[in-house]
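Worksheet for the structure shown next.
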Amino acid sequence: MKSLLSFPLSLAAIVALATLASAAELGDAAKPLQIATWIKGKPVDLAAARSKQVVVVEFWATWCPPCRASIQHLTVLQKKFKDVAFVGISDEDANTVKRFVAKMDDKMGYTVAVDDRKKTSAAYMQAFGIDGIPHAFIVDKAGRIVWNGHPMADLEKALEEIIGGKFDLEKSKKRGAARKQVEEFEATAMADPSDPKLEEMGRKLEALDAELGGIEPGEKFNAAETIKRVKFHALMRDYQTTVMSGKGGDGLADIEKKLAENTPKEVDLVEFKANVAFNKLLSDYMQAAGSASDAAKLAELAKQLAATNVKDSRLRLRAAWGILEDRSLKTRDYDLAANLARYSVDATESKELGALFVYARALFEGGKVAEAVSWQKKAVEAAADNEDARKDMEDALKKYQAKVAAK
């Protein structure tokens, strides 16, 4: 499991992790893989692999961006460790996984399977108290689960040590136990940052971190910084709730002061506050556009949105799409939608499919059909490697071109 020291982490994630109860531990015998459908590669039988082969069991999903990012890494590892069996297991329906795997082709160069009613996930993910994907487990030749973690973490190093006979299972167990202690520490800090137990807990964890060479390899556990991060996440929640509710005054000022005092060095507080302000402004705009009772207010909100300095292109693109698609709106400002989407197009150097599609759509709906055709062609090009998306982009292009031809 990735350490909670990795920022950002939502308050909900901290609470969820704190309540997980694991029933398994490293060194336990691996449960059989209960598979509904083998999508790619030969079926892997852990019983048959015992004494012959190391197996990596990874849990993923087609909808999960981090999972997609780790696919290339796993493919590289499969080529490097030819005698290791890599199995990617999804709990989605078989057709969804088949389509995805077919599109990936040799870019996904390992065995892929669909879980049998989440039975394998229960025996691995749930048993170890893991609720986030992607997540991988290593089953050694003795049939034991000896390592688990994010595929992009130290999976490669662990495999090298296992294959080379240098893997320290006891150290791996200690690291797993230490991660649970970190979760307990964070849960305690969330409940009460001034709890006197934290000092002793933190001291022990820092010593354990030094002994293990990192509870999370490549990271150093610092109790004070961890408490600060936990407090910061709680303050982030309070700040967002207060701003979105429209409440200001001394309460908001007090939260802002505490945020400034507890902001981790890697966090851009100015950008965070700008994003929250943008979401509040967008919420006000959508509400006004849904009633259309105050044209002057709506115009002013639109002007503010168009002039926003928020840097997050995803926020802008989401806002543009909402203006185009939200059914509750009684009036739509297509120029505003195009303005917001164009920022995302420029930020992604005119290469991101979603930004191109939304921008072209906003232009088309706003009557700038010739421009829409030009940008939709770029969207078609961006979808070259995605058959389903390409068809949708081509259909939209035909619609725009037909409108041009009809003029």
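Labeling convention for the structure tokens: chains A, B, ... as they appear, residues from 1 per chain, ligands from 1 in order of appearance.
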
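Near Asn262 (chain A), within 9 Å and counting only C-alpha atoms, sit Lys228, Arg229, Lys231, Phe232 and Leu235 of chain A; same-chain residues fewer than 6 positions away were not included.
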
Can you spit out the residues from that selection as a PDB file, in the first residue's frame, using C-alpha atoms?
ATOM      1  CA  LYS A 228       0.855  18.402   9.967  1.00  0.00           C
ATOM      2  CA  ARG A 229      -0.428  16.749   6.795  1.00  0.00           C
ATOM      3  CA  LYS A 231      -4.302  18.515  10.111  1.00  0.00           C
ATOM      4  CA  PHE A 232      -3.932  20.138   6.716  1.00  0.00           C
ATOM      5  CA  LEU A 235      -8.458  22.144   7.231  1.00  0.00           C
TER       6      LEU A 235
END

*Could you pull out all residues of region 78-312 of chain A with a DSSP call of helix (DSSP H, G or I) and give them as a PyMOL selection string?*
chain A and resi 78-80+94-107+119-126+155-163+169-191+197-212+223-245+249-262+269-291+295-306

*Neighbour list for Lys311 (chain A) as a ChimeraX atom specification, cut-off 9 Å, only C-alpha atoms, skip fewer than 3 positions in-chain*: /A:271,274-275,308,314-316,343

Output the selection as a PDB file, in the first residue's frame - C-alpha atoms for each residue.
ATOM      1  CA  GLU A 271      -3.610  27.318  -6.384  1.00  0.00           C
ATOM      2  CA  ALA A 274      -8.064  29.454  -6.493  1.00  0.00           C
ATOM      3  CA  ASN A 275      -9.536  26.051  -7.392  1.00  0.00           C
ATOM      4  CA  THR A 308     -10.582  33.320 -14.034  1.00  0.00           C
ATOM      5  CA  ARG A 314      -9.368  19.873 -15.893  1.00  0.00           C
ATOM      6  CA  LEU A 315     -11.543  22.171 -13.803  1.00  0.00           C
ATOM      7  CA  ARG A 316     -12.041  24.481 -16.757  1.00  0.00           C
ATOM      8  CA  TYR A 343      -7.576  26.905 -22.151  1.00  0.00           C
TER       9      TYR A 343
END

*Near-Trp321 (chain A) list (12 Å; only C-alpha atoms; drop same-chain fewer than 2 positions) as a count of residues only*: 33

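Restricting the calculation to only C-alpha atoms, the smallest distance between Glu184 (chain A) and any of A:Lys247, A:Val310, A:Met201, A:Asp388 is found for A:Met201.
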
_Close residues, Lys52 (chain A) itself excluded, 12 Å, only C-alpha atoms, min 4 positions apart in chain, as a ChimeraX atom specification_ = /A:45-48,83-85,139-143,163

Can you spit out the residues from that selection as a compact mmCIF listing (two decimals), in the first residue's frame, using C-alpha atoms?
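Produced file selection_10.txt, reproduced below:
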# COMPACT_ATOMS: atom_id res chain seq x y z
CA ASP A 45 -2.76 -22.27 -11.54
CA LEU A 46 -0.94 -21.37 -8.33
CA ALA A 47 -0.92 -24.97 -7.16
CA ALA A 48 0.76 -26.06 -10.39
CA ASP A 83 10.05 -16.94 -15.90
CA VAL A 84 7.64 -14.97 -13.71
CA ALA A 85 3.91 -15.16 -14.45
CA VAL A 139 3.53 -15.30 -4.68
CA ASP A 140 6.88 -17.06 -4.32
CA LYS A 141 7.72 -20.60 -5.41
CA ALA A 142 6.70 -21.88 -1.98
CA GLY A 143 3.18 -20.61 -2.69
CA ILE A 163 14.73 -14.60 -7.80

*Neighbour list for Phe81 (chain A) as a list in words, cut-off 10 Å, only C-alpha atoms, skip fewer than 6 positions in-chain*: Val54, Thr75, Glu156, Leu159, Glu160 and Ile163 of chain A

*asked:* List as a list of chain:residue names the protein and nucleic acid residues near Leu252 (chain A), meaning an atom at most 7 Å away when only C-alpha atoms are counted, but skip any in the same chain fewer than 4 places from it.
replied: A:Tyr239, A:Thr242, A:Gly248, A:Glu256

Taking only C-alpha atoms into account, produce a table as a tab-separated table in which each residue of region 153-195 of chain A with an atom at most 9 Å from an atom of region 213-226 of chain A appears once, together with its shortest atom pair and the distance in Å to one decimal, ordered by chain and rising number.
residue	atom	partner	partner_atom	distance
A:Ala153	CA	A:Pro217	CA	7.9
A:Asp154	CA	A:Pro217	CA	7.2
A:Lys174	CA	A:Ile215	CA	8.7
A:Arg175	CA	A:Ile215	CA	5.5
A:Gly176	CA	A:Ile215	CA	8.1
A:Ala178	CA	A:Ile215	CA	6.4
A:Arg179	CA	A:Ile215	CA	6.6
A:Val182	CA	A:Ile215	CA	8.9
A:Phe185	CA	A:Ala223	CA	8.7
A:Glu186	CA	A:Thr226	CA	7.3
A:Ala189	CA	A:Thr226	CA	8.6
